[in-house]
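The structure file structure.csv is reproduced below (CSV, C-alpha atoms).
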chain,number,residue,atom,x,y,z
A,859,GLY,CA,2.5,-13.8,-10.6
A,860,SER,CA,1.3,-14.2,-7.0
A,861,ARG,CA,-2.4,-14.4,-6.4
A,862,ALA,CA,-3.3,-11.1,-4.8
A,863,SER,CA,-6.4,-9.1,-3.8
A,864,CYS,CA,-6.4,-5.3,-3.9
A,865,PHE,CA,-9.1,-2.9,-2.5
A,866,ARG,CA,-9.1,0.9,-2.7
A,867,ILE,CA,-11.7,3.0,-0.8
A,868,VAL,CA,-12.4,6.7,-1.1
A,869,ARG,CA,-14.4,8.5,1.6
A,870,HIS,CA,-16.8,10.4,-0.7
A,871,LEU,CA,-17.9,7.1,-2.4
A,872,LEU,CA,-19.4,6.0,1.0
A,873,GLY,CA,-22.0,8.8,0.8
A,874,GLU,CA,-23.7,10.0,3.9
A,875,VAL,CA,-23.3,6.7,5.8
A,876,ASP,CA,-22.2,7.2,9.5
A,877,LEU,CA,-18.5,6.2,9.9
A,878,ASP,CA,-19.0,4.9,13.4
A,879,ARG,CA,-21.6,2.4,12.1
A,880,ILE,CA,-19.1,1.2,9.5
A,881,ALA,CA,-16.4,1.0,12.1
A,882,ARG,CA,-18.6,-1.1,14.3
A,883,MET,CA,-19.3,-3.5,11.4
A,884,TYR,CA,-15.6,-3.9,10.6
A,885,LEU,CA,-13.7,-3.6,13.9
A,886,ALA,CA,-13.7,-5.9,16.9
A,887,GLY,CA,-11.5,-6.3,20.0
A,888,GLU,CA,-8.3,-4.2,20.1
A,889,GLU,CA,-9.1,-2.6,16.7
A,890,TRP,CA,-12.4,-1.3,17.9
A,891,VAL,CA,-10.9,0.0,21.2
A,892,ARG,CA,-8.1,1.7,19.2
A,893,TYR,CA,-10.6,3.4,16.9
A,894,GLN,CA,-12.7,4.6,19.9
A,895,GLN,CA,-9.7,6.1,21.6
A,896,ARG,CA,-8.4,7.8,18.4
A,897,PRO,CA,-11.0,7.9,15.6
A,898,ARG,CA,-8.8,8.6,12.6
A,899,LEU,CA,-10.5,8.5,9.2
A,900,ASP,CA,-7.4,7.4,7.2
A,901,TRP,CA,-6.7,4.6,9.6
A,902,LEU,CA,-10.3,3.4,9.5
A,903,LEU,CA,-10.3,3.5,5.7
A,904,GLY,CA,-7.1,1.5,5.6
A,905,ARG,CA,-8.6,-1.2,7.9
A,906,ILE,CA,-11.8,-1.4,5.8
A,907,ALA,CA,-9.8,-1.8,2.6
A,908,ALA,CA,-7.5,-4.4,4.2
A,909,ASN,CA,-10.5,-6.3,5.6
A,910,ASP,CA,-12.2,-6.4,2.2
A,911,ALA,CA,-9.0,-7.5,0.5
A,912,ILE,CA,-8.5,-10.4,2.9
A,913,ARG,CA,-12.1,-11.6,2.6
A,914,ASP,CA,-12.0,-11.3,-1.2
A,915,TRP,CA,-8.8,-13.4,-1.3
A,916,LEU,CA,-10.3,-16.1,0.9
A,917,ARG,CA,-13.5,-16.2,-1.2
A,918,ARG,CA,-11.7,-16.4,-4.5
A,919,GLN,CA,-9.0,-18.8,-3.5
A,920,HIS,CA,-10.8,-21.0,-0.9
A,921,GLY,CA,-14.5,-20.4,-1.3
A,922,ARG,CA,-14.6,-19.1,2.3
A,923,VAL,CA,-17.1,-16.3,3.0
A,924,LEU,CA,-16.3,-14.4,6.2
A,925,HIS,CA,-18.1,-11.6,8.0
A,926,PRO,CA,-15.8,-8.5,8.5
A,927,LEU,CA,-15.7,-9.1,12.2
A,928,GLU,CA,-14.1,-12.5,11.6
A,929,VAL,CA,-11.0,-10.7,10.3
A,930,THR,CA,-8.5,-9.2,12.6
A,931,ILE,CA,-5.5,-7.0,11.6
A,932,ALA,CA,-2.8,-6.0,14.1
A,933,ASN,CA,0.5,-4.1,13.7
A,934,ARG,CA,4.1,-5.3,14.2
A,935,PRO,CA,6.3,-3.3,16.5
A,936,GLY,CA,7.6,-1.3,13.6
A,937,GLY,CA,4.1,-0.4,12.5
A,938,ALA,CA,3.6,-2.8,9.5
A,939,PRO,CA,0.2,-4.5,9.4
A,940,ILE,CA,-0.2,-8.2,10.0
A,941,VAL,CA,-3.2,-10.6,9.5
A,942,VAL,CA,-4.0,-12.1,12.9
A,943,ALA,CA,-7.3,-13.8,12.0
A,944,PRO,CA,-8.1,-16.0,10.3
A,945,ALA,CA,-4.8,-17.5,11.5
A,946,ASP,CA,-4.7,-20.6,9.3
A,947,VAL,CA,-3.9,-18.7,6.1
A,948,PRO,CA,-0.5,-16.9,6.1
A,949,LEU,CA,-1.0,-13.8,4.0
A,950,ALA,CA,1.3,-10.9,3.4
A,951,ILE,CA,-0.5,-7.5,3.7
A,952,SER,CA,0.2,-3.9,3.0
A,953,ILE,CA,-1.8,-0.7,3.5
A,954,SER,CA,-1.3,2.8,2.3
A,955,HIS,CA,-3.5,5.9,2.9
A,956,LEU,CA,-3.6,9.4,1.6
A,957,ASP,CA,-6.1,12.1,2.7
A,958,GLU,CA,-9.5,10.5,2.5
A,959,GLU,CA,-8.7,7.3,0.7
A,960,ALA,CA,-6.8,4.1,1.3
A,961,ILE,CA,-5.5,1.1,-0.6
A,962,ALA,CA,-4.7,-2.3,0.7
A,963,VAL,CA,-3.2,-5.5,-0.9
A,964,VAL,CA,-2.9,-9.0,0.4
A,965,ALA,CA,-1.0,-11.8,-1.3
A,966,ASP,CA,0.1,-15.4,-0.9
A,967,ALA,CA,3.7,-14.3,-1.0
A,968,GLN,CA,6.8,-13.6,1.1
A,969,GLY,CA,6.1,-9.9,1.1
A,970,VAL,CA,3.9,-7.3,-0.4
A,971,GLY,CA,4.0,-3.5,-0.5
A,972,VAL,CA,1.6,-0.9,-1.7
A,973,ASP,CA,1.9,2.9,-1.7
A,974,VAL,CA,-0.2,5.8,-3.0
A,975,VAL,CA,1.0,9.5,-3.4
A,976,ARG,CA,-0.4,12.6,-4.9
A,977,VAL,CA,1.5,14.1,-7.9
A,978,GLY,CA,2.8,17.5,-7.0
A,979,GLU,CA,5.7,19.7,-7.9
A,980,ARG,CA,9.0,18.4,-6.4
A,981,GLY,CA,11.8,20.9,-6.7
A,982,ALA,CA,15.3,20.0,-7.8
A,983,GLU,CA,16.4,19.9,-4.2
A,984,GLY,CA,13.8,17.3,-3.3
A,985,LEU,CA,14.8,15.3,-6.3
A,986,ASP,CA,18.5,15.3,-5.2
A,987,LEU,CA,17.5,14.1,-1.8
A,988,ALA,CA,15.3,11.3,-3.1
A,989,PHE,CA,17.4,9.9,-5.9
A,990,ASP,CA,21.1,9.6,-6.8
A,991,GLN,CA,22.6,10.6,-10.2
A,992,GLU,CA,22.1,7.1,-11.7
A,993,GLU,CA,18.5,7.0,-10.6
A,994,ARG,CA,17.7,10.5,-12.0
A,995,ALA,CA,19.1,9.3,-15.3
A,996,ALA,CA,16.9,6.3,-15.3
A,997,ILE,CA,13.8,8.4,-14.4
A,998,ALA,CA,14.5,10.8,-17.2
A,999,ARG,CA,14.6,8.1,-19.9
A,1000,PRO,CA,10.9,7.1,-20.3
A,1001,GLY,CA,9.8,10.5,-21.6
A,1002,GLY,CA,6.3,11.7,-21.2
A,1003,ASN,CA,5.3,13.5,-18.0
A,1004,ALA,CA,8.6,13.8,-16.1
A,1005,GLN,CA,6.8,14.9,-12.9
A,1006,THR,CA,4.7,11.7,-13.0
A,1007,TRP,CA,7.7,9.5,-13.4
A,1008,VAL,CA,9.4,11.1,-10.4
A,1009,HIS,CA,6.4,10.1,-8.3
A,1010,ARG,CA,6.2,6.7,-9.8
A,1011,ALA,CA,9.8,6.0,-8.9
A,1012,TRP,CA,9.4,7.4,-5.4
A,1013,CYS,CA,6.2,5.3,-4.9
A,1014,ALA,CA,8.0,2.2,-6.2
A,1015,LYS,CA,10.8,2.6,-3.7
A,1016,GLU,CA,8.3,2.9,-0.8
A,1017,ALA,CA,6.3,-0.2,-2.0
A,1018,ALA,CA,9.6,-2.2,-2.4
A,1019,ALA,CA,10.6,-1.2,1.2
A,1020,LYS,CA,7.3,-2.3,2.6
A,1021,ALA,CA,7.5,-5.6,0.7
A,1022,HIS,CA,10.8,-6.2,2.4
A,1023,GLY,CA,9.2,-5.5,5.8
A,1024,LEU,CA,11.0,-2.2,6.1
A,1025,GLY,CA,9.8,1.4,6.7
A,1026,PHE,CA,10.3,4.9,5.4
A,1027,ASP,CA,13.7,5.2,7.2
A,1028,ALA,CA,15.1,2.4,5.0
A,1029,LEU,CA,14.4,4.1,1.6
A,1030,GLY,CA,18.1,5.0,1.4
A,1031,ARG,CA,18.8,1.3,0.9
A,1032,PHE,CA,16.8,1.1,-2.3
A,1033,ARG,CA,17.7,2.3,-5.8
A,1034,VAL,CA,15.7,2.7,-9.0
A,1035,ARG,CA,17.6,0.8,-11.7
A,1036,ARG,CA,15.4,0.7,-14.8
A,1037,ILE,CA,11.9,2.0,-15.9
A,1038,ALA,CA,9.8,0.3,-18.5
A,1039,GLY,CA,7.9,3.3,-19.8
A,1040,GLU,CA,5.0,1.6,-21.6
A,1041,ALA,CA,4.4,-0.9,-18.9
A,1042,GLY,CA,4.9,1.5,-16.0
A,1043,THR,CA,7.2,-1.0,-14.3
A,1044,VAL,CA,10.0,0.3,-12.1
A,1045,GLN,CA,12.9,-2.0,-11.2
A,1046,VAL,CA,14.1,-1.4,-7.7
A,1047,GLU,CA,17.2,-2.9,-6.2
A,1048,PHE,CA,17.5,-3.6,-2.4
A,1049,LEU,CA,21.1,-2.9,-1.6
A,1050,GLY,CA,20.8,-5.1,1.5
A,1051,ASN,CA,20.8,-8.3,-0.6
A,1052,GLY,CA,21.2,-7.1,-4.2
A,1053,GLN,CA,17.7,-8.3,-5.0
A,1054,HIS,CA,15.9,-6.6,-8.0
A,1055,LEU,CA,12.2,-6.2,-7.7
A,1056,GLU,CA,9.8,-5.3,-10.6
A,1057,VAL,CA,7.3,-2.8,-9.1
A,1058,GLY,CA,4.1,-2.0,-11.0
A,1059,THR,CA,3.1,1.6,-11.0
A,1060,TYR,CA,-0.3,3.1,-12.0
A,1061,VAL,CA,-1.6,6.6,-12.5
A,1062,ASP,CA,-5.2,7.7,-11.7
A,1063,GLN,CA,-5.7,11.4,-12.3
A,1064,ASP,CA,-3.4,13.1,-9.7
A,1065,ARG,CA,-2.7,9.9,-7.8
A,1066,VAL,CA,0.2,7.5,-8.4
A,1067,MET,CA,0.1,3.9,-6.9
A,1068,ALA,CA,2.8,1.3,-6.7
A,1069,LEU,CA,2.6,-2.5,-6.0
A,1070,ALA,CA,5.5,-4.7,-5.1
A,1071,ILE,CA,5.3,-8.4,-4.5
A,1072,ILE,CA,8.1,-10.7,-3.3
A,1073,GLU,CA,7.1,-14.2,-4.4
Would you kindly transcribe this structure into structure tokens?
Amino acid sequence: GSRASCFRIVRHLLGEVDLDRIARMYLAGEEWVRYQQRPRLDWLLGRIAANDAIRDWLRRQHGRVLHPLEVTIANRPGGAPIVVAPADVPLAISISHLDEEAIAVVADAQGVGVDVVRVGERGAEGLDLAFDQEERAAIARPGGNAQTWVHRAWCAKEAAAKAHGLGFDALGRFRVRRIAGEAGTVQVEFLGNGQHLEVGTYVDQDRVMALAIIE
């Protein structure tokens, strides 16, 4: 598989440290200005996780050790993150945040997508909106906690869309085709080109995470 680095950060694990001090250590230029204008915790945690993932990847793959301020992340017009500096290593990047935590993945790949959701009750109506009949049949097959598999499948579609460079509004162009119950892998088809992507899904207490990589 593609060489990737993943970082997950949870607010309470940072202890009593002042968030503005952390922000000043990680953010420079436009990122620092943006944070000062609108100091959002979820956005900051996402930037920290992404910065750490980029620096980890460079250290492991190239032996390069960078200070957080040597890394710059911007956003494309559609909102997707992009690595601006260092500019000499083309890395795909994806960030997802939920409440007071964030997860980020970078990979030497065409595209990468990561998503995190909380497991909660989704009614039949929500299930009908999220999945067609064939998808619901695929989700029902693995057995075990049906509610968790619904969220794994939803998370997998979001991660696949991000890996294709698409946003939430494009989820209708993705379909869950198969689930490997023991491995937690969800096969997602992009109707735009018929490509099938094996998306890894993982459960941590009441959180479900999904990772998609397009080699």
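CA of Gly1025 (chain A) is positioned 16.3 Å from CA of Ala1011 (chain A).
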At a cut-off of 8 Å around the point (14.3, -0.5, -14.6) (file coordinates), what residues fall inside when counting only C-alpha atoms? I'd like the answer as a ChimeraX atom specification. /A:996,1034-1038,1043-1046,1056
Could you please give me, as a PDB file with C-alpha atoms, keeping the file's coordinate frame, the residues of protein, DNA or RNA lying at most 10 Å from (13.4, 10.0, -5.8) in the coordinate frame of the file, considering all atoms listed in the file?
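Saved file part.pdb follows:
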ATOM      1  CA  ARG A 980       9.000  18.400  -6.400  1.00  0.00           C
ATOM      2  CA  GLY A 984      13.800  17.300  -3.300  1.00  0.00           C
ATOM      3  CA  LEU A 985      14.800  15.300  -6.300  1.00  0.00           C
ATOM      4  CA  ASP A 986      18.500  15.300  -5.200  1.00  0.00           C
ATOM      5  CA  LEU A 987      17.500  14.100  -1.800  1.00  0.00           C
ATOM      6  CA  ALA A 988      15.300  11.300  -3.100  1.00  0.00           C
ATOM      7  CA  PHE A 989      17.400   9.900  -5.900  1.00  0.00           C
ATOM      8  CA  ASP A 990      21.100   9.600  -6.800  1.00  0.00           C
ATOM      9  CA  GLU A 993      18.500   7.000 -10.600  1.00  0.00           C
ATOM     10  CA  ARG A 994      17.700  10.500 -12.000  1.00  0.00           C
ATOM     11  CA  ILE A 997      13.800   8.400 -14.400  1.00  0.00           C
ATOM     12  CA  TRP A1007       7.700   9.500 -13.400  1.00  0.00           C
ATOM     13  CA  VAL A1008       9.400  11.100 -10.400  1.00  0.00           C
ATOM     14  CA  HIS A1009       6.400  10.100  -8.300  1.00  0.00           C
ATOM     15  CA  ARG A1010       6.200   6.700  -9.800  1.00  0.00           C
ATOM     16  CA  ALA A1011       9.800   6.000  -8.900  1.00  0.00           C
ATOM     17  CA  TRP A1012       9.400   7.400  -5.400  1.00  0.00           C
ATOM     18  CA  CYS A1013       6.200   5.300  -4.900  1.00  0.00           C
ATOM     19  CA  ALA A1014       8.000   2.200  -6.200  1.00  0.00           C
ATOM     20  CA  LYS A1015      10.800   2.600  -3.700  1.00  0.00           C
ATOM     21  CA  LEU A1029      14.400   4.100   1.600  1.00  0.00           C
ATOM     22  CA  GLY A1030      18.100   5.000   1.400  1.00  0.00           C
ATOM     23  CA  ARG A1033      17.700   2.300  -5.800  1.00  0.00           C
ATOM     24  CA  VAL A1034      15.700   2.700  -9.000  1.00  0.00           C
TER      25      VAL A1034
END
If we count all atoms listed in the file and set the cut-off at 7 Å, which residues sit around Val975 (chain A), ignoring sequence neighbours fewer than 3 positions away in its own chain? Please answer as an MDAnalysis selection string. chainID A and resid 956 1013 1065:1067
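Nearest residue to Tyr884 (chain A) among A:Glu1073, A:Asp946, A:Glu1040, A:Glu928 is A:Glu928, counting all atoms listed in the file.
Excluding Phe1026 (chain A) and any residue on its chain fewer than 3 positions from it, the residues at most 12 Å away by only C-alpha atoms are A:Gly936, A:Gly937, A:Ala938, A:Asp973, A:Ala988, A:Trp1012, A:Cys1013, A:Lys1015, A:Glu1016, A:Ala1017, A:Ala1018, A:Ala1019, A:Lys1020, A:Ala1021, A:His1022, A:Gly1023, A:Leu1029, A:Gly1030, A:Arg1031, A:Phe1032.
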Counting all atoms listed in the file, the residue of A:Val947, A:Ala995, A:Val970, A:Ala962 that sits nearest Gln919 (chain A): A:Val947
Can you list, as a CSV table (one decimal) with C-alpha atoms, in the frame of the given file, every protein, DNA or RNA residue that comes within 8 Å of Leu885 (chain A) when you count only C-alpha atoms, leaving out same-chain residues fewer than 4 positions away?
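Okay, this is what ended up in part.csv:
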chain,number,residue,atom,x,y,z
A,881,ALA,CA,-16.4,1.0,12.1
A,889,GLU,CA,-9.1,-2.6,16.7
A,890,TRP,CA,-12.4,-1.3,17.9
A,926,PRO,CA,-15.8,-8.5,8.5
A,927,LEU,CA,-15.7,-9.1,12.2
A,930,THR,CA,-8.5,-9.2,12.6
